[in-house]
Amino acid sequence: MHLPRRRKFGQSLPTRRDFLKLAAASLGGAVLTGAGVGCGGSIGRRFGSGPGGGPPLGDALPNGYRFWRVLTTGDGQFADLKGFSGGVMMNDSNVLVHALRTTNSNALFQLTMNYSGDAFPTIGSGLSVAAEGDFTPEGRLVTRLMAADVNNQGVDSTVAMIVGFDGPAPTGSPNTEGTNRLYVGPGLDSAYALVNTGDPTPNGGYYGAHFTDVSINDNTDIMLVADYAKSPNEQGARHLAQGVFYLPGASGSDQGSLEVENPFQLPGTNQIARRFGLCDLDNSANYVLQTFATPNSGGGPEVAGGRYASGVLTGRVGSRPGFHVGAAGMGTPRAGTMPGNVYMGPRVRGNNVTSVVHVTDDDHVLYYNNKPIAASNAALANGGLVAMGVGPASISDQGHIHFVTVTTDGVQLNMSNGGETRTILTSGTTIPGSGNPLAKLVAIVHGYHSAQVDSQGRVVFIGDFDDESQSVVIGIPI
């Protein structure tokens, strides 16, 4: 059967057979280069209050997990499904997966799930949230699906999605190659355009044509990282300011507040944050924000011809953000953490923050608040050597984190409560459900998005198997 064309977002299909494609398929869209960046949520010691400042507090770990392949490429469940691009999200009712149609257009598919205790989870229905080639409610052709997030409001949860349009831009747009819009709704066909290029911002400015990232919480509050003009005569300028906007209740483009803007002087230093990237906003209005600054010397990715250092700002809406962790010279990191660049998206939920810090170009550490959980070239709790890398983590309501490591023995999915760390799945395993039951798991793509675990502790990821198939895999705690 064909998926009904109804709703959301996707990205091009990568190959994932070495660590940088594998582990960073784990990184996925959480890694932004150039002037782009990423976000999460906690608050700095010097300014305001928020998560991430103390030792992590997680519930006792479950006894284990049962894993199921619920949707596999080529299994015939959906005729126009060609492959998965790595990004996958979930809430209590739905799984949303970035995929490629047989027409080679990117799409975001929504799977409404049925759960019954320890029984095999089944797909009740499948819909397309949005796809390249779809038309918006106003009749504009979507040519780029760029970023998206979903909250947890049942079957018809709200999706916030950034889509792009090629062709001539409206008069006065700062980007002549096309424009972006932020849509909010259960699917693109029934969504409304919350933010358009040129719309007023909460601080009296006007949104530009470049939107970097978006996050939505269960209250339908939105955080949007976007370029903006501070006055009408700046709207056609090549270089605009960049702001982090809080839009409570998704009620209007100008309803809310400007939380951070560049240039932003990093606390206690002479360093200036030049760009912001990925963001994550939780239900208590805590957020994390990846940031880039020009360092005093060396380090960081090359951006627009310059050398940038990267780090994480943490805050609560209404308070000035503080420095959480990042490259040397950007600020004082939390006690117990080492300075280093943060290339992958940090995460926030409740009072907990996760971040992956590259202490050198080759060595990196996953921190849960200020506690190191796993590191490259270091032994894990199960004795395996992390020979190649550690991916970013998702955080559950129970204070558990899930993350991928690539070891000398293969790829593994781990979980931790900050005190105990366990490996819950390894490559080489067969997983029942959709697809070839004898196919062995070769890659675990997790960490692409913050919403990869639901309120019941169920976890989702994309699995690559040795028969060249890909599956949406759900793990259920037991």
# chains A, B, ... in the order shown; residues from 1 in each chain; ligands from 1
>>> closest_atom_pairs(of="region 303-402 of chain A", to="region 441-449 of chain A", cutoff="12 Å", atoms="only C-alpha atoms", output="Markdown table")
| residue | atom | partner | partner_atom | distance |
| --- | --- | --- | --- | --- |
| A:Met344 | CA | A:Tyr448 | CA | 9.1 |
| A:Gly345 | CA | A:His449 | CA | 8.3 |
| A:Pro346 | CA | A:His449 | CA | 9.7 |
| A:Arg347 | CA | A:His449 | CA | 8.7 |
| A:Val348 | CA | A:His449 | CA | 11.4 |
| A:Thr354 | CA | A:Gly447 | CA | 11.0 |
| A:Ser355 | CA | A:Gly447 | CA | 11.1 |
| A:Val356 | CA | A:Gly447 | CA | 11.0 |
| A:Leu366 | CA | A:Gly447 | CA | 11.9 |
| A:Val390 | CA | A:Gly447 | CA | 10.0 |
| A:Gly391 | CA | A:Gly447 | CA | 6.4 |
| A:Pro392 | CA | A:Gly447 | CA | 5.1 |
| A:Ala393 | CA | A:Gly447 | CA | 5.4 |
| A:Ser394 | CA | A:Gly447 | CA | 6.1 |
| A:Ile395 | CA | A:Gly447 | CA | 9.9 |
| A:Ile401 | CA | A:Gly447 | CA | 10.2 |
| A:His402 | CA | A:Gly447 | CA | 8.0 |
>>> closest_atom_pairs(of="region 358-450 of chain A", to="region 56-71 of chain A", cutoff="12 Å", atoms="only C-alpha atoms", output="Markdown table")
| residue | atom | partner | partner_atom | distance |
| --- | --- | --- | --- | --- |
| A:Tyr367 | CA | A:Pro56 | CA | 10.0 |
| A:Tyr368 | CA | A:Pro56 | CA | 6.6 |
| A:Asn369 | CA | A:Pro56 | CA | 6.2 |
| A:Asn370 | CA | A:Pro56 | CA | 8.0 |
| A:Lys371 | CA | A:Pro56 | CA | 7.6 |
| A:Pro372 | CA | A:Pro56 | CA | 10.7 |
| A:Ile373 | CA | A:Pro56 | CA | 10.7 |
| A:Ile395 | CA | A:Gly58 | CA | 10.0 |
| A:Ser396 | CA | A:Gly58 | CA | 9.1 |
| A:Asp397 | CA | A:Gly58 | CA | 8.8 |
| A:Gln398 | CA | A:Asp59 | CA | 5.6 |
| A:Gly399 | CA | A:Gly58 | CA | 4.0 |
| A:His400 | CA | A:Gly58 | CA | 5.7 |
| A:Ile401 | CA | A:Gly58 | CA | 8.8 |
| A:His402 | CA | A:Leu61 | CA | 11.3 |
| A:Leu413 | CA | A:Tyr65 | CA | 10.9 |
| A:Asn414 | CA | A:Gly64 | CA | 10.9 |
| A:Met415 | CA | A:Leu61 | CA | 8.2 |
| A:Ser416 | CA | A:Leu61 | CA | 7.4 |
| A:Asn417 | CA | A:Gly58 | CA | 4.5 |
| A:Gly418 | CA | A:Pro56 | CA | 5.5 |
| A:Gly419 | CA | A:Gly58 | CA | 8.1 |
| A:Glu420 | CA | A:Leu61 | CA | 7.8 |
| A:Thr421 | CA | A:Leu61 | CA | 8.7 |
| A:Arg422 | CA | A:Leu61 | CA | 8.6 |
| A:Thr423 | CA | A:Gly64 | CA | 9.4 |
| A:Ile424 | CA | A:Gly64 | CA | 6.7 |
| A:Leu425 | CA | A:Tyr65 | CA | 8.4 |
| A:Thr426 | CA | A:Phe67 | CA | 11.3 |
| A:Thr429 | CA | A:Phe67 | CA | 10.3 |
| A:Thr430 | CA | A:Phe67 | CA | 9.6 |
| A:Ile431 | CA | A:Trp68 | CA | 5.9 |
| A:Pro432 | CA | A:Trp68 | CA | 5.5 |
| A:Gly433 | CA | A:Arg69 | CA | 4.7 |
| A:Ser434 | CA | A:Arg69 | CA | 5.1 |
| A:Gly435 | CA | A:Arg69 | CA | 7.4 |
| A:Asn436 | CA | A:Arg69 | CA | 9.8 |
| A:Pro437 | CA | A:Arg69 | CA | 9.4 |
| A:Ala439 | CA | A:Arg69 | CA | 11.1 |
| A:Lys440 | CA | A:Arg69 | CA | 11.7 |
| A:Leu441 | CA | A:Arg69 | CA | 10.7 |
>>> residues_around(residues="Val97 (chain A)", least_positions_apart="2", cutoff="7 Å", atoms="only C-alpha atoms", output="list of chain:residue names")
A:Gly87, A:Val88, A:Met89, A:Val95, A:Ala99, A:Leu108, A:Phe109, A:Gln110
>>> select_by_dssp(residues="region 266-476 of chain A", states="strand (DSSP E or B)", output="VMD selection string")
chain A and resid 272 to 281 286 to 293 302 to 303 306 to 307 309 to 316 322 to 326 341 347 to 349 352 to 358 364 to 368 371 to 375 379 385 389 to 390 394 to 395 401 to 407 410 to 416 421 to 426 430 433 440 to 445 453 459 to 465 470 to 476
>>> write_last_selection(atoms="C-alpha atoms", output="mmCIF file, in the first residue's frame")
data_model
loop_
_atom_site.group_PDB
_atom_site.id
_atom_site.type_symbol
_atom_site.label_atom_id
_atom_site.label_comp_id
_atom_site.auth_asym_id
_atom_site.auth_seq_id
_atom_site.Cartn_x
_atom_site.Cartn_y
_atom_site.Cartn_z
ATOM 1 C CA ILE A 272 31.999 36.415 21.647
ATOM 2 C CA ALA A 273 29.434 33.838 20.507
ATOM 3 C CA ARG A 274 29.058 34.443 16.783
ATOM 4 C CA ARG A 275 26.555 31.752 15.797
ATOM 5 C CA PHE A 276 24.072 29.378 17.411
ATOM 6 C CA GLY A 277 22.950 25.955 16.238
ATOM 7 C CA LEU A 278 20.774 23.077 17.436
ATOM 8 C CA CYS A 279 18.473 23.661 20.388
ATOM 9 C CA ASP A 280 16.481 21.539 22.808
ATOM 10 C CA LEU A 281 13.618 22.828 24.991
ATOM 11 C CA ASN A 286 14.945 24.697 30.290
ATOM 12 C CA TYR A 287 17.013 24.753 27.140
ATOM 13 C CA VAL A 288 20.472 23.962 25.807
ATOM 14 C CA LEU A 289 22.042 25.770 22.893
ATOM 15 C CA GLN A 290 25.121 24.902 20.896
ATOM 16 C CA THR A 291 27.221 27.966 20.172
ATOM 17 C CA PHE A 292 30.297 28.920 18.170
ATOM 18 C CA ALA A 293 32.804 31.598 19.100
ATOM 19 C CA GLU A 302 36.422 26.073 9.849
ATOM 20 C CA VAL A 303 33.465 28.340 9.263
ATOM 21 C CA GLY A 306 37.625 31.540 10.085
ATOM 22 C CA ARG A 307 38.407 29.211 12.969
ATOM 23 C CA ALA A 309 35.422 27.088 18.842
ATOM 24 C CA SER A 310 32.202 25.371 19.916
ATOM 25 C CA GLY A 311 30.411 24.851 23.198
ATOM 26 C CA VAL A 312 27.075 24.694 25.000
ATOM 27 C CA LEU A 313 25.003 27.414 26.639
ATOM 28 C CA THR A 314 22.335 26.332 29.114
ATOM 29 C CA GLY A 315 19.421 28.338 30.402
ATOM 30 C CA ARG A 316 15.842 28.666 31.478
ATOM 31 C CA GLY A 322 25.307 30.413 31.269
ATOM 32 C CA PHE A 323 28.260 28.497 29.898
ATOM 33 C CA HIS A 324 27.980 24.734 30.406
ATOM 34 C CA VAL A 325 30.965 23.203 28.641
ATOM 35 C CA GLY A 326 33.050 23.874 25.545
ATOM 36 C CA ASN A 341 34.673 21.400 21.356
ATOM 37 C CA ARG A 347 20.191 17.274 25.147
ATOM 38 C CA VAL A 348 18.034 18.349 28.073
ATOM 39 C CA ARG A 349 15.164 16.815 29.989
ATOM 40 C CA ASN A 352 19.573 16.526 33.270
ATOM 41 C CA VAL A 353 21.823 17.511 30.377
ATOM 42 C CA THR A 354 24.024 15.393 28.133
ATOM 43 C CA SER A 355 26.864 16.574 25.913
ATOM 44 C CA VAL A 356 29.741 15.023 23.997
ATOM 45 C CA VAL A 357 32.988 16.956 24.428
ATOM 46 C CA HIS A 358 35.889 16.525 21.994
ATOM 47 C CA HIS A 364 35.854 12.610 23.161
ATOM 48 C CA VAL A 365 33.791 12.095 26.313
ATOM 49 C CA LEU A 366 30.048 11.723 26.889
ATOM 50 C CA TYR A 367 28.987 13.697 29.976
ATOM 51 C CA TYR A 368 25.751 13.268 31.902
ATOM 52 C CA LYS A 371 29.848 13.192 35.129
ATOM 53 C CA PRO A 372 31.813 11.289 32.454
ATOM 54 C CA ILE A 373 29.850 8.210 31.325
ATOM 55 C CA ALA A 374 31.839 6.898 28.348
ATOM 56 C CA ALA A 375 34.864 7.965 26.332
ATOM 57 C CA ALA A 379 36.952 0.689 28.760
ATOM 58 C CA LEU A 385 37.078 -1.063 24.365
ATOM 59 C CA GLY A 389 33.737 6.682 19.344
ATOM 60 C CA VAL A 390 30.753 7.553 21.499
ATOM 61 C CA SER A 394 18.825 10.743 24.535
ATOM 62 C CA ILE A 395 17.324 11.315 28.004
ATOM 63 C CA ILE A 401 20.284 8.027 28.991
ATOM 64 C CA HIS A 402 20.715 5.848 25.898
ATOM 65 C CA PHE A 403 23.788 6.135 23.683
ATOM 66 C CA VAL A 404 25.764 4.244 21.045
ATOM 67 C CA THR A 405 29.420 3.237 21.228
ATOM 68 C CA VAL A 406 31.540 1.708 18.483
ATOM 69 C CA THR A 407 34.005 -0.738 20.014
ATOM 70 C CA GLY A 410 31.270 -3.932 17.134
ATOM 71 C CA VAL A 411 28.479 -1.447 17.777
ATOM 72 C CA GLN A 412 26.460 -1.386 20.968
ATOM 73 C CA LEU A 413 23.516 0.463 22.489
ATOM 74 C CA ASN A 414 24.026 1.367 26.134
ATOM 75 C CA MET A 415 22.006 2.952 28.905
ATOM 76 C CA SER A 416 22.982 4.645 32.160
ATOM 77 C CA THR A 421 25.932 1.742 32.860
ATOM 78 C CA ARG A 422 24.791 -1.325 30.905
ATOM 79 C CA THR A 423 25.019 -2.530 27.332
ATOM 80 C CA ILE A 424 21.510 -3.518 26.222
ATOM 81 C CA LEU A 425 22.084 -4.469 22.565
ATOM 82 C CA THR A 426 25.086 -5.345 20.384
ATOM 83 C CA THR A 430 19.154 -11.022 15.222
ATOM 84 C CA GLY A 433 9.668 -8.855 13.749
ATOM 85 C CA LYS A 440 22.144 -9.728 11.790
ATOM 86 C CA LEU A 441 22.341 -6.187 13.103
ATOM 87 C CA VAL A 442 25.435 -4.324 11.874
ATOM 88 C CA ALA A 443 24.684 -0.692 12.751
ATOM 89 C CA ILE A 444 22.679 1.110 15.430
ATOM 90 C CA VAL A 445 21.704 4.647 14.465
ATOM 91 C CA VAL A 453 12.623 7.595 24.154
ATOM 92 C CA VAL A 459 13.527 3.517 22.903
ATOM 93 C CA VAL A 460 13.676 3.763 19.095
ATOM 94 C CA PHE A 461 16.510 3.651 16.566
ATOM 95 C CA ILE A 462 17.264 2.776 12.955
ATOM 96 C CA GLY A 463 19.057 -0.558 12.510
ATOM 97 C CA ASP A 464 21.149 -1.580 9.505
ATOM 98 C CA PHE A 465 21.316 -5.325 8.867
ATOM 99 C CA GLN A 470 17.082 -1.161 7.338
ATOM 100 C CA SER A 471 14.503 -1.285 10.107
ATOM 101 C CA VAL A 472 12.786 0.926 12.620
ATOM 102 C CA VAL A 473 13.605 -0.887 15.862
ATOM 103 C CA ILE A 474 11.765 -0.345 19.159
ATOM 104 C CA GLY A 475 13.078 -1.530 22.513
ATOM 105 C CA ILE A 476 10.657 -2.139 25.382
#
>>> closest_atom_pairs(of="region 305-347 of chain A", to="region 255-269 of chain A", cutoff="8 Å", atoms="only C-alpha atoms", output="CSV")
residue,atom,partner,partner_atom,distance
A:Val317,CA,A:Glu259,CA,6.8
A:Gly318,CA,A:Glu259,CA,6.9
A:Ser319,CA,A:Glu259,CA,7.9
A:Arg320,CA,A:Glu259,CA,7.5
A:Pro321,CA,A:Val260,CA,7.8
A:Gly322,CA,A:Pro267,CA,6.6
A:Phe323,CA,A:Pro267,CA,6.6
A:Gly329,CA,A:Thr269,CA,7.3
A:Met330,CA,A:Leu266,CA,6.6
A:Gly331,CA,A:Thr269,CA,6.1
A:Thr332,CA,A:Gly268,CA,7.8
>>> select_by_dssp(residues="region 92-335 of chain A", states="helix (DSSP H, G or I)", output="ChimeraX atom specification")
/A:188-190,232-234,248-250
>>> write_last_selection(atoms="C-alpha atoms", output="PDB file, in the first residue's frame")
ATOM      1  CA  LEU A 188       1.687  19.710   6.739  1.00  0.00           C
ATOM      2  CA  ASP A 189      -1.716  19.468   5.084  1.00  0.00           C
ATOM      3  CA  SER A 190      -3.422  20.759   8.235  1.00  0.00           C
ATOM      4  CA  PRO A 232      13.034  47.119   7.937  1.00  0.00           C
ATOM      5  CA  ASN A 233      16.001  48.635   6.104  1.00  0.00           C
ATOM      6  CA  GLU A 234      18.177  45.647   7.110  1.00  0.00           C
ATOM      7  CA  PRO A 248       4.967  30.126  23.967  1.00  0.00           C
ATOM      8  CA  GLY A 249       1.953  28.154  22.840  1.00  0.00           C
ATOM      9  CA  ALA A 250       2.971  28.652  19.195  1.00  0.00           C
TER      10      ALA A 250
END
